Number of protein chains: 2
Amino acid sequence: MKIFTRSSFKILAASGLCLSLAACVSAPPAPALAAGTGDLGLVVERASGSLQVLNTSRRELLGPIQGLGDLSHASLVYSRDGAYAFVFGRDGALSKVHLPSRSLVGRVQQSGNSIGGAISQDGTLVAAQNYQPGGIRVFDAQTLRLVADIPAEYEPGKLSRVVGLVELPGQRFMYALFDANEIWIADVSGVAAGQPPQLQKFKNVGLQPYDALLTPDGRYYIAGLFGEDGLVKIDLWAAQPKAERILAGYGRGQQPLPVFKMPHLRGWAIAGRQAYLPAIGRHEVLVVDMDSWQELGRIAVAGQPVFVMARPDGRQVWVNFAVPDYNQVQVIDTQSRQVIQTLSPGKAVLHMEFTPRGESVWISSRDDDTVNVFDTRSFARQATLKAAAPSGIFFTSRAQRSGF
Amino acid sequence: MKIFTRSSFKILAASGLCLSLAACVSAPPAPALAAGTGDLGLVVERASGSLQVLNTSRRELLGPIQGLGDLSHASLVYSRDGAYAFVFGRDGALSKVHLPSRSLVGRVQQSGNSIGGAISQDGTLVAAQNYQPGGIRVFDAQTLRLVADIPAEYEPGKLSRVVGLVELPGQRFMYALFDANEIWIADVSGVAAGQPPQLQKFKNVGLQPYDALLTPDGRYYIAGLFGEDGLVKIDLWAAQPKAERILAGYGRGQQPLPVFKMPHLRGWAIAGRQAYLPAIGRHEVLVVDMDSWQELGRIAVAGQPVFVMARPDGRQVWVNFAVPDYNQVQVIDTQSRQVIQTLSPGKAVLHMEFTPRGESVWISSRDDDTVNVFDTRSFARQATLKAAAPSGIFFTSRAQRSGF
């Protein structure tokens with residue numbers, strides 16, 4: 001076995017290990033060549049209405065994109081090529097930004113109050129879910145031209161707030177109607193040809209669905225219920241998909257505790273055939289079997305979990321917490337179901353994002369104005385980056401995944 | 001519900017749906033803005049020693065990169081940012097190409113006979129697996145400088161051909177020694193600091209491992225055995241990983257048939273907790289339970305399967321075949337385990353690649369000099385593109401996944 005340093009390289013070349021010396025000389029890429037977008041991402045700076053462009057290979061923040069308005073609770077999705085992001089502001093604005101040039105290239109004030117969105121499977125349509133007026137609006141991803149307006153009108157004149165919007169295969173979007181206790185699927189595949197959206201409605205799914213997730217395989221749509229104790233699941237692969245209640249008592253526990261922050265369902269961890277769920281109001285992470293949808297156990301953690309996120313390989317689950325325990329992050333090993341690490345990345349941890357192959361995790365600490373990067377094997381801190389009150393972190397690799 | 005066409009847009013604006021007319025006008029991206037690399041890929045043109053750069057959003061071939069030498073059985077991996085590919089030629093050359101500029105930026109004649117490679121989890125190191133001389137060589141991804149040479153010396157003076165190379169978390173590579181009946185893990189995390197690679201060796205794993213795969217979660221390394229009837233599995237999440245035989249009799253069947261082409265293990269489909277495997281020599285796809293590693297059943301197909309690949313959501317498995325049935329492709333529904341579609345994309349189907357969210361699949365037909373794109377829901381042909389004797393198809397989204 002041989003090991004080579006830069007200095008030993010000439011000997012290596014002369015040793016005939018390479019068939020020619022020329023073949024051995026290094027070939028650095030010309031600096032003029034365009035970089036790719038696969039290792040870029042964005043950090044939301046909520047207080048300043050800006051986004052920081054980041055690079056996960058160099059572990060650097062590259063600079064801000066400004067003028068995005070109210071970014072509290074903002075989320076975003078990416079174009080198929082990873083060069084553009086579509087940002088859904090709480091103020092109802094839909095903004096389109098270009099990462100390589102760090103520029104705002106489009107902005108539409110599409111509603112009065114919005115809470116996120118999704119991009120179609122083929123990347124041609126962007127949908128925003130709205131509180132005010134309640135419904136979804138669908139835009140051409142290229143031009144931000146409105147192509148369909150679908151009010152969530154569940155009774156004459158009554159519009160529901162929309163939550164839990166995800167994209168489904170074939171130009172479809174699925175979402176929950178908080179005020180209507182319904183879940184809808186809108187098929188907008190015909191709108192380019194001037195045909196109206198086709199709606200499929202699931203009624204009486206449970207009281208006040210407040211957020212939802214789609215499993216990574218796109219099979220199960222699961223919504224949390226604010227008005228009752230449990231969740232609702234729809235199996236999209238069934239011959240006749242229907243709404244089924246699961247995990248009754250999920251939120252109750254023996255004695256209810258005050259809930260400081262409703263956990264994000266979108267953060268739920270799917271590891272193998274188990275789902276790791278944040279308990280509501282309790283210092284616990286639930287482990288649920290995804291075949292029987294029965295609870296397998298609970299893991300005691302340092303506070304009320306907010307995000308419970310699996311490393312891409314499913315071997316680890318990382319958890320952050322609500323006030324007052326929101327300066328900590330804990331790591332659960334999914335084989336032993338034990339907490340194997342407790343980290344204190346900084347004050348007010350709001351979000352975490354894993355690099356696509358899982359070697360690192362980026363964690364935002366709002367009240368320390370920092371984003372910290374950790375090695376997920378050694379838990380060593382790899383970088384500490386300054387950002388203004390950072391919240392959500394989103395990498396362009398999300399463009400390659402379904403259910404966002 | 002409203003539906004809007006371009007012509008109706010002024011009315012829409014005036015209708016007050018947008019808060020201002022300015023907010024409604026479309027914002028097309030400036031043409032000067034750089035495109036992303038997330039929807040790019042490469043098609044190997046084996047006869048002409050060139051690669052065709054492709055775009056999956058526009059479903060177009062953008063043009064060739066030439067001068068890559070012998071590309072028979074060539075494979076490639078991508079840089080973390082998706083702008084560069086590292087091409088492993090059968091002639092032992094390692095080439096680095098830049099997709100946006102369609103240029104060859106580096107080339108090293110690193111061995112006499114090579115059969116593929118891998119890139120480290122963090123993207124800094126590229127490893128090539130070699131037949132002649134037998135072993136792996138590790139290169140700096142930036143410069144193509146050789147940083148470690150690890151001969152597969154299993155007895156004094158005896159070098160084994162290396163197959164089944166994959167990357168593992170933490171700057172490690174795992175591979176099989178065909179002539180030594182061994183599987184090795186090389187930890188090269190120290191080479192940048194001048195430390196030698198650390199080797200972990202699994203001996204007597206079975207006769208002549210000829211190819212291998214890593215499951216998408218990175219947990220199981222599975223190698224096919226040429227010299228005996230069965231496979232070997234190593235559980236990398238076990239406290240003490242060890243080599244275990246599985247599926248004895250996998251290749252036999254009642255009456256062995258002539259094998260026209262050994263199937264590619266790398267193509268194996270993992271759908272939920274089942275693995276779909278090509279039978280060897282038989283017109284069957286095997287379904288295997290990944291908990292018990294027992295065979296659950298066999299699905300009759302149109303020929304000897306070569307690639308058995310799952311759509312990213314695992315709902316479908318697509319199969320191509322060896323001579324003489326290699327003009328067909330069949331689609332298996334993983335819920336019913338039935339063949340639900342048979343396609344004839346063109347002559348001599350060699351490879352298939354799914355778009356990251358699974359809406360389309362690209363299929364190379366070597367003897368028709370075409371690459372065809374199909375909608376995976378409707379099975380409609382979406383594009384037919386001209387390429388010279390196309391074989392392997394590789395999208396940049398592979399940079400975001402482990403085990404390649």
# chains A, B, ... in the order shown; residues from 1 in each chain; ligands from 1

$ select_by_dssp --residues "region 221-375 of chain B" --states "strand (DSSP E)" --output "PyMOL selection string"
chain B and resi 221-225+231-235+243-246+269-271+274-278+284-289+295-300+305-310+316-321+329-333+338-343+349-354+360-365+370-375

$ residues_around --residues "Lys347 (chain A)" --least-positions-apart "6" --cutoff "10 Å" --atoms "only C-alpha atoms" --output "PyMOL selection string"
chain A and resi 325-328+364-370

$ write_last_selection --atoms "N, CA and C atoms" --output "PDB file, in the first residue's frame"
ATOM      1  N   ASP A 325     -36.223  24.821  26.176  1.00  0.00           N
ATOM      2  CA  ASP A 325     -35.096  23.893  25.936  1.00  0.00           C
ATOM      3  C   ASP A 325     -34.530  24.034  24.530  1.00  0.00           C
ATOM      4  N   TYR A 326     -34.759  25.184  23.908  1.00  0.00           N
ATOM      5  CA  TYR A 326     -34.435  25.311  22.477  1.00  0.00           C
ATOM      6  C   TYR A 326     -32.980  25.689  22.201  1.00  0.00           C
ATOM      7  N   ASN A 327     -32.123  25.554  23.200  1.00  0.00           N
ATOM      8  CA  ASN A 327     -30.685  25.732  22.926  1.00  0.00           C
ATOM      9  C   ASN A 327     -29.982  24.395  22.695  1.00  0.00           C
ATOM     10  N   GLN A 328     -30.752  23.309  22.811  1.00  0.00           N
ATOM     11  CA  GLN A 328     -30.151  21.982  22.690  1.00  0.00           C
ATOM     12  C   GLN A 328     -30.638  21.248  21.444  1.00  0.00           C
ATOM     13  N   SER A 364     -29.496  26.176  12.514  1.00  0.00           N
ATOM     14  CA  SER A 364     -29.622  27.631  12.711  1.00  0.00           C
ATOM     15  C   SER A 364     -29.899  27.936  14.174  1.00  0.00           C
ATOM     16  N   SER A 365     -29.156  28.904  14.712  1.00  0.00           N
ATOM     17  CA  SER A 365     -29.352  29.389  16.086  1.00  0.00           C
ATOM     18  C   SER A 365     -29.716  30.860  16.019  1.00  0.00           C
ATOM     19  N   ARG A 366     -30.999  31.131  16.033  1.00  0.00           N
ATOM     20  CA  ARG A 366     -31.502  32.484  15.770  1.00  0.00           C
ATOM     21  C   ARG A 366     -30.895  33.538  16.690  1.00  0.00           C
ATOM     22  N   ASP A 367     -30.911  33.265  18.012  1.00  0.00           N
ATOM     23  CA  ASP A 367     -30.507  34.315  18.953  1.00  0.00           C
ATOM     24  C   ASP A 367     -28.994  34.442  19.117  1.00  0.00           C
ATOM     25  N   ASP A 368     -28.249  33.558  18.488  1.00  0.00           N
ATOM     26  CA  ASP A 368     -26.791  33.723  18.413  1.00  0.00           C
ATOM     27  C   ASP A 368     -26.373  34.260  17.050  1.00  0.00           C
ATOM     28  N   ASP A 369     -27.340  34.466  16.158  1.00  0.00           N
ATOM     29  CA  ASP A 369     -27.032  34.917  14.794  1.00  0.00           C
ATOM     30  C   ASP A 369     -25.971  34.047  14.136  1.00  0.00           C
ATOM     31  N   THR A 370     -26.100  32.732  14.349  1.00  0.00           N
ATOM     32  CA  THR A 370     -25.123  31.828  13.727  1.00  0.00           C
ATOM     33  C   THR A 370     -25.819  30.618  13.097  1.00  0.00           C
TER      34      THR A 370
END

$ residues_around --residues "Ala387 (chain B)" --least-positions-apart "2" --cutoff "8 Å" --atoms "only C-alpha atoms" --output "list in words"
Glu45, Gln52, Asp369, Thr370, Val371, Leu385, Ala389 and Pro390 of chain B

$ residues_around --residues "Ala322 (chain A)" --least-positions-apart "3" --cutoff "12 Å" --atoms "only C-alpha atoms" --output "mmCIF file with N, CA and C atoms, in the first residue's frame"
data_model
loop_
_atom_site.group_PDB
_atom_site.id
_atom_site.type_symbol
_atom_site.label_atom_id
_atom_site.label_comp_id
_atom_site.auth_asym_id
_atom_site.auth_seq_id
_atom_site.Cartn_x
_atom_site.Cartn_y
_atom_site.Cartn_z
ATOM 1 N N PRO A 258 -48.678 21.970 29.017
ATOM 2 C CA PRO A 258 -48.864 23.126 28.129
ATOM 3 C C PRO A 258 -47.990 22.952 26.876
ATOM 4 N N VAL A 259 -48.546 23.251 25.715
ATOM 5 C CA VAL A 259 -47.806 23.107 24.465
ATOM 6 C C VAL A 259 -47.218 24.456 24.091
ATOM 7 N N PHE A 260 -45.892 24.536 24.088
ATOM 8 C CA PHE A 260 -45.245 25.815 23.814
ATOM 9 C C PHE A 260 -45.202 26.102 22.315
ATOM 10 N N LYS A 261 -45.208 25.024 21.520
ATOM 11 C CA LYS A 261 -45.116 25.208 20.059
ATOM 12 C C LYS A 261 -45.613 23.924 19.418
ATOM 13 N N MET A 262 -46.554 24.031 18.500
ATOM 14 C CA MET A 262 -47.003 22.814 17.822
ATOM 15 C C MET A 262 -45.846 22.296 16.974
ATOM 16 N N PRO A 263 -45.534 21.005 17.097
ATOM 17 C CA PRO A 263 -44.406 20.485 16.319
ATOM 18 C C PRO A 263 -44.704 20.513 14.820
ATOM 19 N N HIS A 264 -43.638 20.560 14.050
ATOM 20 C CA HIS A 264 -43.769 20.542 12.591
ATOM 21 C C HIS A 264 -43.893 19.110 12.113
ATOM 22 N N PRO A 278 -42.678 13.740 16.874
ATOM 23 C CA PRO A 278 -42.621 14.550 18.085
ATOM 24 C C PRO A 278 -43.908 14.383 18.891
ATOM 25 N N ALA A 279 -43.791 14.028 20.170
ATOM 26 C CA ALA A 279 -44.972 14.049 21.027
ATOM 27 C C ALA A 279 -45.417 15.499 21.178
ATOM 28 N N ILE A 280 -46.694 15.698 21.425
ATOM 29 C CA ILE A 280 -47.220 17.057 21.570
ATOM 30 C C ILE A 280 -47.263 17.408 23.042
ATOM 31 N N GLY A 281 -46.466 18.391 23.434
ATOM 32 C CA GLY A 281 -46.491 18.873 24.823
ATOM 33 C C GLY A 281 -45.662 18.039 25.780
ATOM 34 N N ARG A 282 -45.172 16.886 25.327
ATOM 35 C CA ARG A 282 -44.411 16.007 26.222
ATOM 36 C C ARG A 282 -42.964 15.928 25.767
ATOM 37 N N HIS A 283 -42.076 15.614 26.726
ATOM 38 C CA HIS A 283 -40.659 15.510 26.411
ATOM 39 C C HIS A 283 -40.350 14.131 25.861
ATOM 40 N N VAL A 301 -36.698 12.706 25.783
ATOM 41 C CA VAL A 301 -35.750 13.684 25.252
ATOM 42 C C VAL A 301 -35.739 14.924 26.132
ATOM 43 N N ALA A 302 -34.910 15.899 25.781
ATOM 44 C CA ALA A 302 -34.594 17.016 26.681
ATOM 45 C C ALA A 302 -35.677 18.081 26.762
ATOM 46 N N GLY A 303 -36.670 18.033 25.888
ATOM 47 C CA GLY A 303 -37.706 19.065 25.908
ATOM 48 C C GLY A 303 -38.846 18.678 24.994
ATOM 49 N N GLN A 304 -39.710 19.653 24.697
ATOM 50 C CA GLN A 304 -40.803 19.408 23.771
ATOM 51 C C GLN A 304 -40.251 19.445 22.352
ATOM 52 N N PRO A 305 -40.262 18.301 21.646
ATOM 53 C CA PRO A 305 -39.648 18.271 20.321
ATOM 54 C C PRO A 305 -40.406 19.140 19.315
ATOM 55 N N VAL A 306 -39.654 19.785 18.436
ATOM 56 C CA VAL A 306 -40.261 20.580 17.365
ATOM 57 C C VAL A 306 -39.999 19.892 16.015
ATOM 58 N N PHE A 307 -38.706 19.801 15.651
ATOM 59 C CA PHE A 307 -38.339 19.031 14.461
ATOM 60 C C PHE A 307 -37.698 17.714 14.884
ATOM 61 N N VAL A 308 -38.168 16.619 14.291
ATOM 62 C CA VAL A 308 -37.592 15.292 14.515
ATOM 63 C C VAL A 308 -37.204 14.793 13.130
ATOM 64 N N VAL A 319 -33.154 15.886 16.889
ATOM 65 C CA VAL A 319 -34.332 16.514 17.484
ATOM 66 C C VAL A 319 -33.962 17.891 18.039
ATOM 67 N N ASP A 325 -36.223 24.821 26.176
ATOM 68 C CA ASP A 325 -35.096 23.893 25.936
ATOM 69 C C ASP A 325 -34.530 24.034 24.530
ATOM 70 N N TYR A 326 -34.759 25.184 23.908
ATOM 71 C CA TYR A 326 -34.435 25.311 22.477
ATOM 72 C C TYR A 326 -32.980 25.689 22.201
ATOM 73 N N ASN A 327 -32.123 25.554 23.200
ATOM 74 C CA ASN A 327 -30.685 25.732 22.926
ATOM 75 C C ASN A 327 -29.982 24.395 22.695
ATOM 76 N N GLN A 328 -30.752 23.309 22.811
ATOM 77 C CA GLN A 328 -30.151 21.982 22.690
ATOM 78 C C GLN A 328 -30.638 21.248 21.444
ATOM 79 N N VAL A 329 -29.835 20.290 21.028
ATOM 80 C CA VAL A 329 -30.203 19.344 19.980
ATOM 81 C C VAL A 329 -29.796 17.962 20.453
ATOM 82 N N LYS A 347 -28.045 29.600 20.798
ATOM 83 C CA LYS A 347 -29.336 29.990 21.375
ATOM 84 C C LYS A 347 -30.454 29.942 20.337
ATOM 85 N N ALA A 348 -31.573 29.366 20.721
ATOM 86 C CA ALA A 348 -32.791 29.351 19.899
ATOM 87 C C ALA A 348 -32.571 28.603 18.580
ATOM 88 N N VAL A 349 -32.364 27.303 18.694
ATOM 89 C CA VAL A 349 -32.230 26.462 17.501
ATOM 90 C C VAL A 349 -33.601 26.361 16.816
ATOM 91 N N LEU A 350 -33.668 26.825 15.568
ATOM 92 C CA LEU A 350 -34.959 26.836 14.873
ATOM 93 C C LEU A 350 -35.085 25.760 13.794
ATOM 94 N N HIS A 351 -33.979 25.388 13.172
ATOM 95 C CA HIS A 351 -34.093 24.453 12.050
ATOM 96 C C HIS A 351 -32.780 23.707 11.846
#

$ residues_around --residues "Leu265 (chain B)" --least-positions-apart "2" --cutoff "8 Å" --atoms "only C-alpha atoms" --output "PDB file with N, CA, C and O atoms, in the first residue's frame"
ATOM      1  N   ASP B 211     -19.724  -8.626  -8.628  1.00  0.00           N
ATOM      2  CA  ASP B 211     -20.310  -7.288  -8.627  1.00  0.00           C
ATOM      3  C   ASP B 211     -20.988  -7.127  -7.278  1.00  0.00           C
ATOM      4  O   ASP B 211     -21.173  -8.115  -6.551  1.00  0.00           O
ATOM      5  N   ALA B 212     -21.348  -5.913  -6.917  1.00  0.00           N
ATOM      6  CA  ALA B 212     -21.962  -5.696  -5.617  1.00  0.00           C
ATOM      7  C   ALA B 212     -22.803  -4.440  -5.646  1.00  0.00           C
ATOM      8  O   ALA B 212     -22.718  -3.632  -6.571  1.00  0.00           O
ATOM      9  N   LEU B 213     -23.606  -4.285  -4.602  1.00  0.00           N
ATOM     10  CA  LEU B 213     -24.383  -3.058  -4.436  1.00  0.00           C
ATOM     11  C   LEU B 213     -24.410  -2.700  -2.966  1.00  0.00           C
ATOM     12  O   LEU B 213     -24.167  -3.532  -2.089  1.00  0.00           O
ATOM     13  N   ALA B 223     -22.870  -8.744  -2.434  1.00  0.00           N
ATOM     14  CA  ALA B 223     -22.072  -9.096  -3.610  1.00  0.00           C
ATOM     15  C   ALA B 223     -22.601 -10.385  -4.229  1.00  0.00           C
ATOM     16  O   ALA B 223     -22.987 -11.315  -3.510  1.00  0.00           O
ATOM     17  N   GLY B 224     -22.643 -10.415  -5.555  1.00  0.00           N
ATOM     18  CA  GLY B 224     -22.989 -11.642  -6.267  1.00  0.00           C
ATOM     19  C   GLY B 224     -21.761 -12.528  -6.374  1.00  0.00           C
ATOM     20  O   GLY B 224     -20.639 -12.036  -6.450  1.00  0.00           O
ATOM     21  N   PRO B 263     -26.292 -10.414 -14.969  1.00  0.00           N
ATOM     22  CA  PRO B 263     -27.040  -9.193 -14.636  1.00  0.00           C
ATOM     23  C   PRO B 263     -26.208  -8.236 -13.785  1.00  0.00           C
ATOM     24  O   PRO B 263     -25.259  -8.649 -13.123  1.00  0.00           O
ATOM     25  N   GLY B 267     -27.989  -2.505 -10.484  1.00  0.00           N
ATOM     26  CA  GLY B 267     -29.316  -2.103 -10.914  1.00  0.00           C
ATOM     27  C   GLY B 267     -30.419  -2.604 -10.006  1.00  0.00           C
ATOM     28  O   GLY B 267     -31.567  -2.253 -10.194  1.00  0.00           O
ATOM     29  N   TRP B 268     -30.077  -3.420  -9.042  1.00  0.00           N
ATOM     30  CA  TRP B 268     -31.125  -4.019  -8.221  1.00  0.00           C
ATOM     31  C   TRP B 268     -32.085  -2.994  -7.663  1.00  0.00           C
ATOM     32  O   TRP B 268     -31.692  -1.907  -7.266  1.00  0.00           O
ATOM     33  N   LEU B 277     -34.728  -8.742  -7.712  1.00  0.00           N
ATOM     34  CA  LEU B 277     -33.440  -9.189  -8.227  1.00  0.00           C
ATOM     35  C   LEU B 277     -33.592  -9.862  -9.580  1.00  0.00           C
ATOM     36  O   LEU B 277     -34.548 -10.610  -9.786  1.00  0.00           O
ATOM     37  N   PHE B 307     -30.972  -5.222 -16.113  1.00  0.00           N
ATOM     38  CA  PHE B 307     -31.200  -4.214 -15.079  1.00  0.00           C
ATOM     39  C   PHE B 307     -32.621  -4.352 -14.552  1.00  0.00           C
ATOM     40  O   PHE B 307     -33.574  -4.473 -15.324  1.00  0.00           O
TER      41      PHE B 307
END

$ residues_around --residues "Gln198 (chain B)" --least-positions-apart "2" --cutoff "7 Å" --atoms "only C-alpha atoms" --output "list in words"
Ala186, Asp187, Val188, Pro196 and Gln200 of chain B

$ write_last_selection --atoms "N, CA and C atoms" --output "JSON list (two decimals), in the first residue's frame"
[["chain", "number", "residue", "atom", "x", "y", "z"],
["B", 186, "ALA", "N", -11.56, 0.25, 2.76],
["B", 186, "ALA", "CA", -10.38, 1.11, 2.89],
["B", 186, "ALA", "C", -10.82, 2.46, 3.44],
["B", 187, "ASP", "N", -10.26, 2.82, 4.61],
["B", 187, "ASP", "CA", -10.51, 4.13, 5.21],
["B", 187, "ASP", "C", -9.36, 5.07, 4.82],
["B", 188, "VAL", "N", -9.67, 6.03, 3.97],
["B", 188, "VAL", "CA", -8.63, 6.94, 3.48],
["B", 188, "VAL", "C", -8.76, 8.33, 4.10],
["B", 196, "PRO", "N", -1.35, 6.49, 6.12],
["B", 196, "PRO", "CA", -1.74, 5.45, 5.15],
["B", 196, "PRO", "C", -3.20, 5.05, 5.32],
["B", 200, "GLN", "N", -9.83, -2.84, 6.40],
["B", 200, "GLN", "CA", -10.57, -3.88, 7.11],
["B", 200, "GLN", "C", -10.91, -4.94, 6.07]]

$ atom_distance --atom1 "CA of Gln142 (chain A)" --atom2 "CA of Val97 (chain A)"
11.6 Å

$ atom_distance --atom1 "CA of Arg161 (chain B)" --atom2 "CA of Arg107 (chain B)"
22.4 Å

$ residues_around --residues "region 241-252 of chain A" --least-positions-apart "2" --cutoff "6 Å" --atoms "only C-alpha atoms" --output "NGL selection string"
:A and (205 or 229-236 or 238 or 256 or 280)

$ atom_distance --atom1 "CA of Leu165 (chain A)" --atom2 "CA of Thr355 (chain A)"
23.8 Å

$ closest_residue --among "A:Ser114, A:Pro169, A:Gly164, A:Asn204" --to "Ser378 (chain B)" --atoms "only C-alpha atoms"
A:Pro169
